[in-house]
Protein chains: 2
Amino acid sequence: MKITSLQNEKVKQWVKLQNKKERDKKGLFLIEGDHLLQEAIKRNCVIEIITINPYKEDNIPVYEVTKEIMKKISEQQHGTEIMAIVKKEQHSLKPGNILFLDGIQDPGNLGTMIRSAVAFSIENVVLSEDCVDLYNSKVIRSTEGMLFHSNIFRVTKKDFLEKIVKNYTILGTDVSNGKDVTTMKIKKPYCLIIGNEGKGMSDLARSYCHDFLYIPMNKSCESLNAGVSASILMYELRKEK
Amino acid sequence: MKITSLQNEKVKQWVKLQNKKERDKKGLFLIEGDHLLQEAIKRNCVIEIITINPYKEDNIPVYEVTKEIMKKISEQQHGTEIMAIVKKEQHSLKPGNILFLDGIQDPGNLGTMIRSAVAFSIENVVLSEDCVDLYNSKVIRSTEGMLFHSNIFRVTKKDFLEKIVKNYTILGTDVSNGKDVTTMKIKKPYCLIIGNEGKGMSDLARSYCHDFLYIPMNKSCESLNAGVSASILMYELRKEK
């Protein structure tokens, strides 16, 4: 199907999905670029494909649009060639370890951590209620398609930690009083909590921790980037000690 | 000294420093926020301080400006309270290891890698001619002040690698043919090369490598974020094996 008018009802609906409220209401979100599209197709969650060049995909409606329309729907400065409308998947806790993100605000950081969690085979990524929206276009871009390989869901911090506290080793980070992650033995399954970029972990999350970790580093450096720190901890905790 | 007019000559000069050409010409750059200011003062490289609230610092000229002026000079969306004009420092190769950044384009990634290089005590950070400008405001912000603890300089890739190839173990990354960084023994000093976010290492840099590394990870994940990957490699190479 071809669409050439910016006033077309479909176009208006797609543009609205740039907005979190609309994404929440519809249970849909936008993805950009062929790499993400291919990952989403594998997961059977693509509803509609929007393209400026001819494109064919069995069983999924394809809309061919003008560059002008694409630029309006895309959230990248120079637009993109192909996009899709994707259905949010509902996930819940699976057996295995947990990366718990406590108020992460930077979309790039969140995307990077999701990507690293897949790389280091963490079974669950759990977002607290005050994290940035998972379906924000920058988050999705930074996951480099790994969003579709991740078991990820949002919870209310208190309820979730209360529920898992008896069956998981809950680990926080603490640069001054933590234990060295390179030598520490962890009883699995674990739930690793990564705090907000500026403020660190919330007092609530801290109160549930069984132990605290740190990454040994040079004293001139106060801390690492949150995405880096989470990634090194997941990398290190994967090793058998 | 108080400045209240946007037309003031000083204000015009400061705003121009948002531009790379002007920064190169003057050998100066802008920093924002008290944390960076304090780090820069320790390094004796602050030329002028610009503030909206009264502020005193011995031996450095302080300019009190209006919020409107500050918003014009600042590159953050909502402005800032204090800024400074800082002199670029000239660095050159020091004894020790090298992190070599081959065409890194994302300012956040560059800043993150500088921060991690300080954390993991890498003595030199070297930028190829095609890396993003070090004095870009987003790079500086992402270093979290670690720019001022880092021995960092820009080179011509070919000349630099040619010069060091006999005395350093030059290490690239290669997900399919590299050696596992967790078990590999490295002859020091080393020069670790991290390639561009999308394209990876340049053929030129690759041709100088003595060895290639990889970080063991889950097969569903093609690669890690460049900043994360650099950080894990530096973290791992620091350990004695």
# chains A, B, ... in the order shown; residues from 1 in each chain; ligands from 1
>>> select_by_dssp(residues="stretch 22-215 of chain B", states="helix (DSSP H, G or I)", output="ChimeraX atom specification")
/B:22-26,34-42,67-73,107-119,137-143,146-149,157-164,203-207
>>> select_by_dssp(residues="stretch 5-188 of chain A", states="strand (DSSP E)", output="MDAnalysis selection string")
chainID A and resid 28:32 46:51 62:65 82:87 98:102 124:127 152:154 169:173 179:180
>>> interface_residues(of="chain B", to="chain A", cutoff="8 Å", atoms="only C-alpha atoms", output="number ranges by chain")
B: 112, 115-116, 118-121, 146, 149, 217-221, 223-225, 227-228, 231-232
>>> atom_distance(atom1="atom CA of B:Gln18", atom2="atom CA of B:Met83")
12.6 Å
>>> closest_residue(among="A:Thr156, A:Asn196, A:Thr80, A:Ser207", to="A:Lys67", atoms="only C-alpha atoms")
A:Thr80
>>> residues_around(residues="B:Ile152", least_positions_apart="5", cutoff="8 Å", atoms="only C-alpha atoms", output="ChimeraX atom specification")
/B:91-92,124-127
>>> atom_distance(atom1="atom CA of A:Cys45", atom2="atom CA of A:Ile31")
11.3 Å
>>> atom_distance(atom1="atom CA of A:Leu6", atom2="atom CA of A:Asp58")
26.3 Å
>>> residues_around(residues="B:Val155", least_positions_apart="4", cutoff="12 Å", atoms="only C-alpha atoms", output="ChimeraX atom specification")
/B:91-93,100-103,125-131,159-163
>>> residues_around(residues="B:Asn8", least_positions_apart="5", cutoff="10 Å", atoms="only C-alpha atoms", output="PyMOL selection string")
chain B and resi 3+13+69
>>> closest_residue(among="B:Ser202, B:Gln77, B:Ser5, B:Thr169", to="B:Tyr190", atoms="only C-alpha atoms")
B:Thr169
>>> decode(residues="stretch 191-219 of chain B", atoms="N, CA, C and O atoms", output="PDB file, in the first residue's frame")
ATOM      1  N   CYS B 191      49.632  -1.883  23.519  1.00  0.00           N
ATOM      2  CA  CYS B 191      48.808  -0.825  22.928  1.00  0.00           C
ATOM      3  C   CYS B 191      47.523  -1.493  22.457  1.00  0.00           C
ATOM      4  O   CYS B 191      47.536  -2.280  21.522  1.00  0.00           O
ATOM      5  N   LEU B 192      46.426  -1.210  23.161  1.00  0.00           N
ATOM      6  CA  LEU B 192      45.130  -1.817  22.832  1.00  0.00           C
ATOM      7  C   LEU B 192      44.377  -0.911  21.865  1.00  0.00           C
ATOM      8  O   LEU B 192      44.136   0.259  22.184  1.00  0.00           O
ATOM      9  N   ILE B 193      44.022  -1.424  20.703  1.00  0.00           N
ATOM     10  CA  ILE B 193      43.304  -0.623  19.701  1.00  0.00           C
ATOM     11  C   ILE B 193      41.806  -0.916  19.753  1.00  0.00           C
ATOM     12  O   ILE B 193      41.394  -2.077  19.703  1.00  0.00           O
ATOM     13  N   ILE B 194      41.002   0.132  19.870  1.00  0.00           N
ATOM     14  CA  ILE B 194      39.542  -0.017  19.818  1.00  0.00           C
ATOM     15  C   ILE B 194      39.055   0.692  18.559  1.00  0.00           C
ATOM     16  O   ILE B 194      39.342   1.877  18.351  1.00  0.00           O
ATOM     17  N   GLY B 195      38.310  -0.031  17.734  1.00  0.00           N
ATOM     18  CA  GLY B 195      37.876   0.506  16.444  1.00  0.00           C
ATOM     19  C   GLY B 195      36.583   1.289  16.512  1.00  0.00           C
ATOM     20  O   GLY B 195      35.903   1.336  17.545  1.00  0.00           O
ATOM     21  N   ASN B 196      36.238   1.883  15.410  1.00  0.00           N
ATOM     22  CA  ASN B 196      35.016   2.666  15.244  1.00  0.00           C
ATOM     23  C   ASN B 196      33.765   1.850  15.585  1.00  0.00           C
ATOM     24  O   ASN B 196      33.716   0.645  15.334  1.00  0.00           O
ATOM     25  N   GLU B 197      32.750   2.536  16.125  1.00  0.00           N
ATOM     26  CA  GLU B 197      31.529   1.891  16.614  1.00  0.00           C
ATOM     27  C   GLU B 197      30.835   1.044  15.544  1.00  0.00           C
ATOM     28  O   GLU B 197      30.330  -0.035  15.844  1.00  0.00           O
ATOM     29  N   GLY B 198      30.769   1.538  14.323  1.00  0.00           N
ATOM     30  CA  GLY B 198      30.046   0.796  13.284  1.00  0.00           C
ATOM     31  C   GLY B 198      30.977  -0.070  12.448  1.00  0.00           C
ATOM     32  O   GLY B 198      30.696  -1.234  12.193  1.00  0.00           O
ATOM     33  N   LYS B 199      32.098   0.516  12.035  1.00  0.00           N
ATOM     34  CA  LYS B 199      32.953  -0.145  11.054  1.00  0.00           C
ATOM     35  C   LYS B 199      34.066  -0.988  11.669  1.00  0.00           C
ATOM     36  O   LYS B 199      34.747  -1.738  10.974  1.00  0.00           O
ATOM     37  N   GLY B 200      34.296  -0.852  12.961  1.00  0.00           N
ATOM     38  CA  GLY B 200      35.395  -1.586  13.593  1.00  0.00           C
ATOM     39  C   GLY B 200      36.735  -0.933  13.290  1.00  0.00           C
ATOM     40  O   GLY B 200      36.794   0.228  12.877  1.00  0.00           O
ATOM     41  N   MET B 201      37.800  -1.711  13.480  1.00  0.00           N
ATOM     42  CA  MET B 201      39.151  -1.189  13.265  1.00  0.00           C
ATOM     43  C   MET B 201      39.406  -0.890  11.795  1.00  0.00           C
ATOM     44  O   MET B 201      38.909  -1.607  10.928  1.00  0.00           O
ATOM     45  N   SER B 202      40.218   0.096  11.506  1.00  0.00           N
ATOM     46  CA  SER B 202      40.623   0.379  10.126  1.00  0.00           C
ATOM     47  C   SER B 202      41.598  -0.702   9.663  1.00  0.00           C
ATOM     48  O   SER B 202      42.285  -1.330  10.481  1.00  0.00           O
ATOM     49  N   ASP B 203      41.684  -0.924   8.356  1.00  0.00           N
ATOM     50  CA  ASP B 203      42.630  -1.911   7.820  1.00  0.00           C
ATOM     51  C   ASP B 203      44.057  -1.530   8.197  1.00  0.00           C
ATOM     52  O   ASP B 203      44.886  -2.388   8.502  1.00  0.00           O
ATOM     53  N   LEU B 204      44.335  -0.232   8.181  1.00  0.00           N
ATOM     54  CA  LEU B 204      45.674   0.241   8.532  1.00  0.00           C
ATOM     55  C   LEU B 204      46.043  -0.186   9.958  1.00  0.00           C
ATOM     56  O   LEU B 204      47.096  -0.799  10.193  1.00  0.00           O
ATOM     57  N   ALA B 205      45.178   0.100  10.910  1.00  0.00           N
ATOM     58  CA  ALA B 205      45.460  -0.256  12.308  1.00  0.00           C
ATOM     59  C   ALA B 205      45.588  -1.775  12.440  1.00  0.00           C
ATOM     60  O   ALA B 205      46.491  -2.290  13.103  1.00  0.00           O
ATOM     61  N   ARG B 206      44.676  -2.486  11.777  1.00  0.00           N
ATOM     62  CA  ARG B 206      44.689  -3.947  11.818  1.00  0.00           C
ATOM     63  C   ARG B 206      46.039  -4.513  11.344  1.00  0.00           C
ATOM     64  O   ARG B 206      46.543  -5.483  11.902  1.00  0.00           O
ATOM     65  N   SER B 207      46.617  -3.873  10.345  1.00  0.00           N
ATOM     66  CA  SER B 207      47.876  -4.385   9.776  1.00  0.00           C
ATOM     67  C   SER B 207      49.057  -4.263  10.755  1.00  0.00           C
ATOM     68  O   SER B 207      50.084  -4.898  10.565  1.00  0.00           O
ATOM     69  N   TYR B 208      48.902  -3.467  11.790  1.00  0.00           N
ATOM     70  CA  TYR B 208      49.978  -3.331  12.780  1.00  0.00           C
ATOM     71  C   TYR B 208      49.815  -4.259  13.988  1.00  0.00           C
ATOM     72  O   TYR B 208      50.682  -4.311  14.859  1.00  0.00           O
ATOM     73  N   CYS B 209      48.695  -4.965  14.069  1.00  0.00           N
ATOM     74  CA  CYS B 209      48.420  -5.762  15.280  1.00  0.00           C
ATOM     75  C   CYS B 209      49.293  -7.013  15.369  1.00  0.00           C
ATOM     76  O   CYS B 209      49.424  -7.749  14.399  1.00  0.00           O
ATOM     77  N   HIS B 210      49.841  -7.260  16.552  1.00  0.00           N
ATOM     78  CA  HIS B 210      50.574  -8.498  16.803  1.00  0.00           C
ATOM     79  C   HIS B 210      49.629  -9.624  17.194  1.00  0.00           C
ATOM     80  O   HIS B 210      49.928 -10.797  17.015  1.00  0.00           O
ATOM     81  N   ASP B 211      48.510  -9.247  17.776  1.00  0.00           N
ATOM     82  CA  ASP B 211      47.574 -10.255  18.266  1.00  0.00           C
ATOM     83  C   ASP B 211      46.167  -9.670  18.330  1.00  0.00           C
ATOM     84  O   ASP B 211      46.008  -8.454  18.352  1.00  0.00           O
ATOM     85  N   PHE B 212      45.175 -10.584  18.378  1.00  0.00           N
ATOM     86  CA  PHE B 212      43.785 -10.143  18.472  1.00  0.00           C
ATOM     87  C   PHE B 212      43.123 -10.791  19.688  1.00  0.00           C
ATOM     88  O   PHE B 212      43.397 -11.943  20.006  1.00  0.00           O
ATOM     89  N   LEU B 213      42.261 -10.038  20.320  1.00  0.00           N
ATOM     90  CA  LEU B 213      41.587 -10.505  21.534  1.00  0.00           C
ATOM     91  C   LEU B 213      40.087 -10.602  21.298  1.00  0.00           C
ATOM     92  O   LEU B 213      39.557  -9.915  20.437  1.00  0.00           O
ATOM     93  N   TYR B 214      39.414 -11.403  22.121  1.00  0.00           N
ATOM     94  CA  TYR B 214      37.956 -11.275  22.186  1.00  0.00           C
ATOM     95  C   TYR B 214      37.496 -11.497  23.613  1.00  0.00           C
ATOM     96  O   TYR B 214      38.203 -12.103  24.423  1.00  0.00           O
ATOM     97  N   ILE B 215      36.326 -10.969  23.890  1.00  0.00           N
ATOM     98  CA  ILE B 215      35.692 -11.158  25.201  1.00  0.00           C
ATOM     99  C   ILE B 215      34.680 -12.282  25.034  1.00  0.00           C
ATOM    100  O   ILE B 215      33.779 -12.165  24.204  1.00  0.00           O
ATOM    101  N   PRO B 216      34.813 -13.379  25.783  1.00  0.00           N
ATOM    102  CA  PRO B 216      33.866 -14.479  25.588  1.00  0.00           C
ATOM    103  C   PRO B 216      32.441 -14.028  25.900  1.00  0.00           C
ATOM    104  O   PRO B 216      32.200 -13.410  26.941  1.00  0.00           O
ATOM    105  N   MET B 217      31.527 -14.305  24.984  1.00  0.00           N
ATOM    106  CA  MET B 217      30.135 -13.907  25.224  1.00  0.00           C
ATOM    107  C   MET B 217      29.155 -14.817  24.495  1.00  0.00           C
ATOM    108  O   MET B 217      29.526 -15.603  23.636  1.00  0.00           O
ATOM    109  N   ASN B 218      27.903 -14.676  24.879  1.00  0.00           N
ATOM    110  CA  ASN B 218      26.790 -15.425  24.309  1.00  0.00           C
ATOM    111  C   ASN B 218      26.697 -15.217  22.792  1.00  0.00           C
ATOM    112  O   ASN B 218      26.847 -14.099  22.322  1.00  0.00           O
ATOM    113  N   LYS B 219      26.413 -16.273  22.063  1.00  0.00           N
ATOM    114  CA  LYS B 219      26.397 -16.184  20.604  1.00  0.00           C
ATOM    115  C   LYS B 219      25.281 -15.317  20.032  1.00  0.00           C
ATOM    116  O   LYS B 219      25.393 -14.833  18.901  1.00  0.00           O
TER     117      LYS B 219
END
